[in-house]
Every structure is written in structure tokens, then in C-alpha cells.
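Visitor: File work_18.txt follows (compact mmCIF, N, CA and C atoms):
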# COMPACT_ATOMS: atom_id res chain seq x y z
N MET L 19 62.82 128.57 -2.59
CA MET L 19 62.68 127.48 -3.54
C MET L 19 61.34 126.77 -3.31
N PRO L 20 60.60 126.47 -4.37
CA PRO L 20 59.30 125.84 -4.19
C PRO L 20 59.44 124.36 -3.79
N ARG L 21 58.43 123.90 -3.11
CA ARG L 21 58.41 122.51 -2.65
C ARG L 21 58.05 121.58 -3.81
N VAL L 22 58.78 120.46 -3.90
CA VAL L 22 58.52 119.49 -4.97
C VAL L 22 57.81 118.28 -4.38
N LYS L 23 56.65 117.97 -4.93
CA LYS L 23 55.92 116.78 -4.48
C LYS L 23 56.10 115.71 -5.55
N ARG L 24 56.44 114.51 -5.11
CA ARG L 24 56.79 113.46 -6.07
C ARG L 24 55.68 112.42 -6.28
N GLY L 25 54.51 112.68 -5.82
CA GLY L 25 53.43 111.69 -5.86
C GLY L 25 53.13 111.19 -7.26
N VAL L 26 53.01 112.10 -8.20
CA VAL L 26 52.64 111.72 -9.56
C VAL L 26 53.74 110.88 -10.22
N THR L 27 54.97 111.29 -10.04
CA THR L 27 56.11 110.59 -10.66
C THR L 27 56.22 109.16 -10.14
N SER L 28 56.20 109.00 -8.81
CA SER L 28 56.37 107.66 -8.24
C SER L 28 55.14 106.80 -8.57
N HIS L 29 53.97 107.40 -8.58
CA HIS L 29 52.77 106.63 -8.92
C HIS L 29 52.86 106.11 -10.35
N ARG L 30 53.34 106.94 -11.25
CA ARG L 30 53.50 106.53 -12.65
C ARG L 30 54.53 105.40 -12.76
N ARG L 31 55.64 105.54 -12.03
CA ARG L 31 56.68 104.52 -12.06
C ARG L 31 56.17 103.19 -11.49
N HIS L 32 55.43 103.29 -10.39
CA HIS L 32 54.87 102.09 -9.78
C HIS L 32 53.89 101.41 -10.74
N LYS L 33 53.05 102.19 -11.41
CA LYS L 33 52.09 101.62 -12.33
C LYS L 33 52.81 100.91 -13.49
N LYS L 34 53.93 101.50 -13.94
CA LYS L 34 54.69 100.90 -15.03
C LYS L 34 55.27 99.54 -14.62
N VAL L 35 55.82 99.47 -13.41
CA VAL L 35 56.39 98.21 -12.91
C VAL L 35 55.29 97.17 -12.73
N LEU L 36 54.16 97.58 -12.16
CA LEU L 36 53.06 96.64 -11.94
C LEU L 36 52.48 96.15 -13.26
N ALA L 37 52.51 96.99 -14.28
CA ALA L 37 52.04 96.56 -15.61
C ALA L 37 53.00 95.53 -16.20
N LEU L 38 54.31 95.72 -15.99
CA LEU L 38 55.31 94.77 -16.51
C LEU L 38 55.22 93.41 -15.82
N THR L 39 54.77 93.39 -14.56
CA THR L 39 54.71 92.13 -13.82
C THR L 39 53.32 91.51 -13.85
N LYS L 40 52.47 92.00 -14.72
CA LYS L 40 51.14 91.41 -14.86
C LYS L 40 51.30 89.96 -15.28
N GLY L 41 50.64 89.07 -14.58
CA GLY L 41 50.77 87.66 -14.89
C GLY L 41 51.72 86.93 -13.96
N HIS L 42 52.48 87.67 -13.14
CA HIS L 42 53.35 87.02 -12.17
C HIS L 42 52.50 86.54 -11.00
N ARG L 43 53.02 85.59 -10.25
CA ARG L 43 52.27 84.92 -9.20
C ARG L 43 52.30 85.68 -7.88
N ALA L 44 51.23 85.53 -7.12
CA ALA L 44 51.11 86.02 -5.74
C ALA L 44 51.37 87.52 -5.63
N THR L 45 52.20 87.93 -4.65
CA THR L 45 52.43 89.36 -4.44
C THR L 45 53.41 89.94 -5.45
N ARG L 46 53.97 89.09 -6.30
CA ARG L 46 54.96 89.55 -7.27
C ARG L 46 54.33 90.43 -8.35
N HIS L 47 53.02 90.52 -8.39
CA HIS L 47 52.36 91.39 -9.37
C HIS L 47 51.52 92.49 -8.71
N SER L 48 51.49 92.47 -7.38
CA SER L 48 50.62 93.46 -6.73
C SER L 48 51.35 94.39 -5.77
N LEU L 49 52.36 93.91 -5.08
CA LEU L 49 53.13 94.77 -4.17
C LEU L 49 54.33 95.33 -4.92
N TYR L 50 54.51 96.64 -4.83
CA TYR L 50 55.55 97.29 -5.65
C TYR L 50 56.93 96.71 -5.40
N LYS L 51 57.33 96.57 -4.14
CA LYS L 51 58.69 96.13 -3.84
C LYS L 51 58.94 94.73 -4.40
N ARG L 52 58.02 93.81 -4.16
CA ARG L 52 58.15 92.45 -4.69
C ARG L 52 58.07 92.45 -6.21
N ALA L 53 57.19 93.28 -6.74
CA ALA L 53 57.03 93.36 -8.21
C ALA L 53 58.30 93.88 -8.86
N HIS L 54 58.95 94.84 -8.23
CA HIS L 54 60.18 95.41 -8.78
C HIS L 54 61.27 94.34 -8.85
N GLU L 55 61.42 93.56 -7.77
CA GLU L 55 62.39 92.46 -7.77
C GLU L 55 62.07 91.45 -8.87
N SER L 56 60.80 91.11 -8.96
CA SER L 56 60.35 90.14 -9.95
C SER L 56 60.61 90.65 -11.36
N MET L 57 60.36 91.92 -11.58
CA MET L 57 60.58 92.53 -12.89
C MET L 57 62.06 92.49 -13.26
N LEU L 58 62.94 92.82 -12.32
CA LEU L 58 64.38 92.82 -12.60
C LEU L 58 64.84 91.41 -12.98
N HIS L 59 64.37 90.40 -12.24
CA HIS L 59 64.74 89.02 -12.57
C HIS L 59 64.21 88.65 -13.95
N ALA L 60 62.94 88.97 -14.19
CA ALA L 60 62.31 88.59 -15.46
C ALA L 60 63.03 89.23 -16.63
N LEU L 61 63.38 90.51 -16.51
CA LEU L 61 64.05 91.20 -17.61
C LEU L 61 65.45 90.65 -17.85
N SER L 62 66.15 90.29 -16.76
CA SER L 62 67.49 89.74 -16.94
C SER L 62 67.43 88.36 -17.58
N TYR L 63 66.42 87.56 -17.20
CA TYR L 63 66.24 86.26 -17.84
C TYR L 63 65.90 86.43 -19.32
N ALA L 64 65.05 87.38 -19.62
CA ALA L 64 64.66 87.61 -21.01
C ALA L 64 65.88 87.99 -21.85
N TYR L 65 66.74 88.84 -21.30
CA TYR L 65 67.95 89.27 -22.00
C TYR L 65 68.87 88.08 -22.26
N ALA L 66 69.09 87.28 -21.21
CA ALA L 66 70.00 86.13 -21.33
C ALA L 66 69.45 85.09 -22.29
N HIS L 67 68.15 84.84 -22.20
CA HIS L 67 67.56 83.77 -23.00
C HIS L 67 67.41 84.16 -24.47
N ARG L 68 67.36 85.45 -24.76
CA ARG L 68 67.37 85.86 -26.17
C ARG L 68 68.69 85.44 -26.81
N ARG L 69 69.76 85.50 -26.05
CA ARG L 69 71.05 85.08 -26.58
C ARG L 69 71.17 83.56 -26.59
N GLU L 70 70.58 82.92 -25.57
CA GLU L 70 70.62 81.46 -25.47
C GLU L 70 69.84 80.81 -26.61
N ARG L 71 68.79 81.49 -27.07
CA ARG L 71 67.95 80.95 -28.14
C ARG L 71 68.74 80.69 -29.41
N LYS L 72 69.77 81.52 -29.65
CA LYS L 72 70.60 81.33 -30.85
C LYS L 72 71.26 79.95 -30.83
N GLY L 73 71.79 79.56 -29.65
CA GLY L 73 72.41 78.25 -29.50
C GLY L 73 71.40 77.13 -29.62
N ASP L 74 70.20 77.36 -29.06
CA ASP L 74 69.14 76.35 -29.13
C ASP L 74 68.77 76.08 -30.59
N MET L 75 68.66 77.15 -31.37
CA MET L 75 68.29 76.99 -32.78
C MET L 75 69.39 76.24 -33.52
N ARG L 76 70.65 76.58 -33.25
CA ARG L 76 71.77 75.90 -33.92
C ARG L 76 71.76 74.41 -33.58
N ARG L 77 71.48 74.07 -32.30
CA ARG L 77 71.40 72.66 -31.91
C ARG L 77 70.28 71.94 -32.66
N LEU L 78 69.16 72.62 -32.83
CA LEU L 78 68.03 72.03 -33.56
C LEU L 78 68.40 71.78 -35.02
N TRP L 79 69.06 72.76 -35.65
CA TRP L 79 69.47 72.60 -37.05
C TRP L 79 70.43 71.42 -37.19
N ILE L 80 71.39 71.33 -36.28
CA ILE L 80 72.38 70.25 -36.34
C ILE L 80 71.68 68.90 -36.18
N LEU L 81 70.70 68.84 -35.27
CA LEU L 81 69.95 67.61 -35.05
C LEU L 81 69.22 67.18 -36.32
N ARG L 82 68.59 68.13 -37.00
CA ARG L 82 67.83 67.82 -38.22
C ARG L 82 68.76 67.39 -39.36
N VAL L 83 69.88 68.11 -39.50
CA VAL L 83 70.84 67.76 -40.56
C VAL L 83 71.44 66.39 -40.27
N SER L 84 71.73 66.11 -39.02
CA SER L 84 72.30 64.83 -38.62
C SER L 84 71.34 63.69 -38.95
N ALA L 85 70.08 63.86 -38.60
CA ALA L 85 69.08 62.81 -38.86
C ALA L 85 68.93 62.56 -40.36
N ALA L 86 68.89 63.64 -41.13
CA ALA L 86 68.72 63.50 -42.58
C ALA L 86 69.95 62.87 -43.24
N SER L 87 71.14 63.25 -42.78
CA SER L 87 72.35 62.69 -43.39
C SER L 87 72.54 61.23 -42.98
N ARG L 88 72.14 60.87 -41.76
CA ARG L 88 72.23 59.47 -41.34
C ARG L 88 71.30 58.58 -42.16
N SER L 89 70.13 59.13 -42.50
CA SER L 89 69.21 58.32 -43.32
C SER L 89 69.79 58.08 -44.71
N GLN L 90 70.75 58.92 -45.13
CA GLN L 90 71.43 58.75 -46.42
C GLN L 90 72.72 57.95 -46.29
N GLY L 91 73.05 57.54 -45.04
CA GLY L 91 74.22 56.69 -44.83
C GLY L 91 75.50 57.44 -44.51
N LEU L 92 75.39 58.64 -43.95
CA LEU L 92 76.57 59.44 -43.62
C LEU L 92 76.34 60.10 -42.27
N THR L 93 77.36 60.08 -41.41
CA THR L 93 77.19 60.77 -40.12
C THR L 93 77.26 62.28 -40.34
N TYR L 94 76.84 63.02 -39.32
CA TYR L 94 76.83 64.48 -39.42
C TYR L 94 78.23 65.02 -39.66
N GLY L 95 79.19 64.51 -38.89
CA GLY L 95 80.57 64.99 -39.01
C GLY L 95 81.15 64.72 -40.38
N GLN L 96 80.91 63.53 -40.88
CA GLN L 96 81.40 63.18 -42.22
C GLN L 96 80.74 64.05 -43.29
N PHE L 97 79.45 64.30 -43.10
CA PHE L 97 78.69 65.12 -44.06
C PHE L 97 79.25 66.55 -44.12
N ILE L 98 79.44 67.16 -42.96
CA ILE L 98 79.97 68.53 -42.90
C ILE L 98 81.40 68.58 -43.44
N ASP L 99 82.20 67.56 -43.09
CA ASP L 99 83.58 67.49 -43.57
C ASP L 99 83.60 67.37 -45.10
N GLY L 100 82.72 66.53 -45.63
CA GLY L 100 82.64 66.36 -47.09
C GLY L 100 82.22 67.63 -47.79
N LEU L 101 81.26 68.35 -47.21
CA LEU L 101 80.83 69.62 -47.80
C LEU L 101 81.95 70.64 -47.80
N LYS L 102 82.69 70.71 -46.69
CA LYS L 102 83.80 71.66 -46.60
C LYS L 102 84.88 71.34 -47.64
N LYS L 103 85.20 70.06 -47.77
CA LYS L 103 86.24 69.64 -48.72
C LYS L 103 85.83 69.88 -50.17
N SER L 104 84.51 69.79 -50.43
CA SER L 104 84.03 70.00 -51.79
C SER L 104 83.78 71.48 -52.08
N GLY L 105 83.95 72.32 -51.09
CA GLY L 105 83.81 73.76 -51.29
C GLY L 105 82.37 74.27 -51.25
N VAL L 106 81.45 73.48 -50.74
CA VAL L 106 80.05 73.91 -50.62
C VAL L 106 79.90 74.68 -49.32
N GLU L 107 79.49 75.93 -49.43
CA GLU L 107 79.35 76.77 -48.24
C GLU L 107 77.88 77.09 -48.00
N ILE L 108 77.19 76.15 -47.36
CA ILE L 108 75.79 76.36 -46.97
C ILE L 108 75.73 76.26 -45.46
N ASN L 109 75.09 77.24 -44.83
CA ASN L 109 75.03 77.22 -43.37
C ASN L 109 74.06 76.15 -42.87
N ARG L 110 74.13 75.87 -41.58
CA ARG L 110 73.34 74.79 -40.99
C ARG L 110 71.85 75.07 -41.04
N LYS L 111 71.48 76.33 -40.96
CA LYS L 111 70.06 76.70 -41.03
C LYS L 111 69.49 76.30 -42.40
N MET L 112 70.22 76.63 -43.46
CA MET L 112 69.76 76.29 -44.81
C MET L 112 69.77 74.78 -45.03
N LEU L 113 70.79 74.10 -44.48
CA LEU L 113 70.85 72.64 -44.62
C LEU L 113 69.66 71.98 -43.94
N ALA L 114 69.32 72.46 -42.74
CA ALA L 114 68.18 71.90 -42.01
C ALA L 114 66.89 72.15 -42.77
N ASP L 115 66.75 73.32 -43.36
CA ASP L 115 65.56 73.66 -44.14
C ASP L 115 65.47 72.77 -45.38
N MET L 116 66.62 72.56 -46.03
CA MET L 116 66.64 71.68 -47.21
C MET L 116 66.29 70.25 -46.84
N ALA L 117 66.80 69.79 -45.70
CA ALA L 117 66.54 68.42 -45.26
C ALA L 117 65.05 68.17 -45.06
N VAL L 118 64.33 69.20 -44.59
CA VAL L 118 62.91 69.05 -44.32
C VAL L 118 62.08 69.29 -45.57
N ARG L 119 62.37 70.36 -46.32
CA ARG L 119 61.51 70.77 -47.44
C ARG L 119 61.91 70.21 -48.79
N GLU L 120 63.22 70.00 -49.00
CA GLU L 120 63.70 69.52 -50.30
C GLU L 120 64.63 68.32 -50.12
N PRO L 121 64.08 67.16 -49.81
CA PRO L 121 64.94 65.99 -49.54
C PRO L 121 65.78 65.57 -50.76
N GLU L 122 65.27 65.81 -51.99
CA GLU L 122 66.02 65.40 -53.18
C GLU L 122 67.32 66.21 -53.32
N SER L 123 67.21 67.52 -53.15
CA SER L 123 68.41 68.35 -53.27
C SER L 123 69.36 68.10 -52.10
N PHE L 124 68.81 67.77 -50.92
CA PHE L 124 69.66 67.42 -49.78
C PHE L 124 70.41 66.12 -50.09
N ALA L 125 69.72 65.18 -50.72
CA ALA L 125 70.36 63.91 -51.09
C ALA L 125 71.50 64.16 -52.07
N ASN L 126 71.32 65.12 -52.98
CA ASN L 126 72.41 65.48 -53.91
C ASN L 126 73.63 65.99 -53.15
N LEU L 127 73.39 66.82 -52.12
CA LEU L 127 74.50 67.32 -51.30
C LEU L 127 75.20 66.18 -50.58
N VAL L 128 74.41 65.20 -50.11
CA VAL L 128 75.01 64.06 -49.41
C VAL L 128 75.90 63.26 -50.36
N THR L 129 75.45 63.08 -51.61
CA THR L 129 76.29 62.34 -52.57
C THR L 129 77.58 63.11 -52.88
N ILE L 130 77.49 64.44 -52.94
CA ILE L 130 78.69 65.27 -53.15
C ILE L 130 79.64 65.08 -51.97
N ALA L 131 79.09 65.12 -50.74
CA ALA L 131 79.91 64.96 -49.55
C ALA L 131 80.52 63.57 -49.47
N LYS L 132 79.75 62.54 -49.85
CA LYS L 132 80.24 61.16 -49.84
C LYS L 132 81.44 61.01 -50.76
N GLY L 133 81.36 61.64 -51.93
CA GLY L 133 82.45 61.57 -52.90
C GLY L 133 83.75 62.14 -52.35
N LYS L 134 83.66 63.19 -51.58
CA LYS L 134 84.88 63.84 -51.04
C LYS L 134 85.40 63.10 -49.79
N VAL L 135 84.50 62.51 -49.00
CA VAL L 135 84.93 61.85 -47.78
C VAL L 135 85.57 60.50 -48.10
N GLN L 136 84.93 59.70 -48.97
CA GLN L 136 85.44 58.36 -49.25
C GLN L 136 86.43 58.34 -50.39
N GLY L 137 86.39 59.36 -51.27
CA GLY L 137 87.25 59.34 -52.45
C GLY L 137 88.51 60.08 -52.34
Could you write out this file's structure as C-alpha cells?

Guide:
Amino acid sequence: MPRVKRGVTSHRRHKKVLALTKGHRATRHSLYKRAHESMLHALSYAYAHRRERKGDMRRLWILRVSAASRSQGLTYGQFIDGLKKSGVEINRKMLADMAVREPESFANLVTIAKGKVQG
């Protein structure tokens, strides 16, 4: 059986890891063992935070809708409750966008919600 030398394969793998850790601090971008640990942590954080970003965006939308509805005299909870009761099905992303870009149409939604909450 012929002898297998692994120099090229491991060198390629090491170069790939060191390329992924470019920009990391100290030996975390230059020594393979430290770089490999750093890469594993970085990739796991990236994976987790991609999912976490969805919640962050939802919190931002809720904050914007809340601020806009309060300026119209309705709390966020009352506003959402009024929309649900009136059968308006607009997600929070669209509501936040409307609050920023189209305040007049958002005000119309608030009046619809007010009618269902107080009436």
C-alpha cells in the first residue's frame, strides 16, 4: 500500500481556518489551534444571533408602533386589541413601516382601533 502524506490537505484546512479568523485579536488569528477555537465560537455566535435578530426586529417594530399609537392617544395594547376586534390583519412590520412613512394612514388605523376598543 502506498504511503499517504497529508501535508497539502492539512495546510489547506489550516489556511481556510486562518482566513475565517482574519480580524480576530492576538493569536486567535495566527495560531491554528487558537484560531480554530475562535472560529468555532464565532460561527456558533453567528448562528445564534441570526435567530436572535428576528426577536430584536420584532421588539423594534413594537416600539415604533407603540410610540406612534401613543401620540394618537392609544396604548400599544389597546391599539392591537382594537385592530384584532375590527378584523384588520396587518403585521407589526407593516404597522411600524406605516407609522414612519405614512402617518395619515396609520392615524386612520388608530381611529378604527379606537372605535372598537371604546365602542

Visitor: Rank nothing, just name the residue among L:Lys102, L:Lys34, L:Arg69, L:Arg110 nearest to Val83 of chain L, using only C-alpha atoms.

Guide: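 Going through L:Lys102, L:Lys34, L:Arg69, L:Arg110 one by one, the smallest distance to Val83 of chain L is for L:Arg110.
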
Visitor: If I take atom CA of Arg82 of chain L and atom CA of Ala117 of chain L, how far is one from the other in Å, to one decimal?

Guide: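 Atom CA of Ala117 of chain L lies at a distance of 7.2 Å from atom CA of Arg82 of chain L.
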
Visitor: So which bits of chain L end up alpha helix (DSSP H) when you DSSP the backbone, as an NGL selection string?

Guide: :L and (25-38 or 50-89 or 94-104 or 110-119 or 121-136)

Visitor: For atom N of Ser89 of chain L and atom N of Val135 of chain L, quote the distance in Å rounded to one decimal.

Guide: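 Result for atom N of Ser89 of chain L versus atom N of Val135 of chain L: 16.1 Å, one decimal.
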
Visitor: Quick one: residues within 8 Å of segment 118-125 of chain L, only N, CA and C atoms, excluding same-chain residues fewer than 5 positions away - as a list in words?

Guide: Arg82, Val83, Ala86, Ser87, Gln90, Met112, Leu113, Ile130 and Ala131 of chain L

Visitor: When distances are computed from only C-alpha atoms, which of L:Val128, L:Ala114, L:Arg30, L:Thr39 shows the smallest separation from Arg77 of chain L?

Guide: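 For Arg77 of chain L, the nearest of the candidates is L:Ala114.
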
Visitor: Do you know which residues are at most 9 Å from Ser56 of chain L counting only C-alpha atoms, after dropping those on the same chain fewer than 6 positions away, and could you put them as number ranges by chain?

Guide: L: 39, 42, 46-47

Visitor: Report, in Å to a single decimal, how far apart atom N of Trp79 of chain L and atom N of Thr129 of chain L are.

Guide: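 Taking atom N of Thr129 of chain L and atom N of Trp79 of chain L, their separation equals 19.7 Å.
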
Visitor: Rank nothing, just name the residue among L:Met57, L:Tyr50, L:Asp115, L:Gly100 nearest to Gln136 of chain L, using only N, CA and C atoms.

Guide: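 Result for the nearest residue to Gln136 of chain L: L:Gly100.
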
Visitor: Find the spatial neighbours of Lys33 of chain L, counting only C-alpha atoms, within a cut-off of 12 Å - ignore same-chain residues fewer than 2 positions away - and output them as a PyMOL selection string.

Guide: chain L and resi 26-31+35-40+47-50+53-54

Visitor: Compare L:Leu61, L:Leu127, L:Gly25, L:Lys111 by their minimum atom-to-atom distance to Leu78 of chain L, counting only C-alpha atoms, and give me the closest one.

Guide: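 Counting only C-alpha atoms, the residue closest to Leu78 of chain L is L:Lys111.
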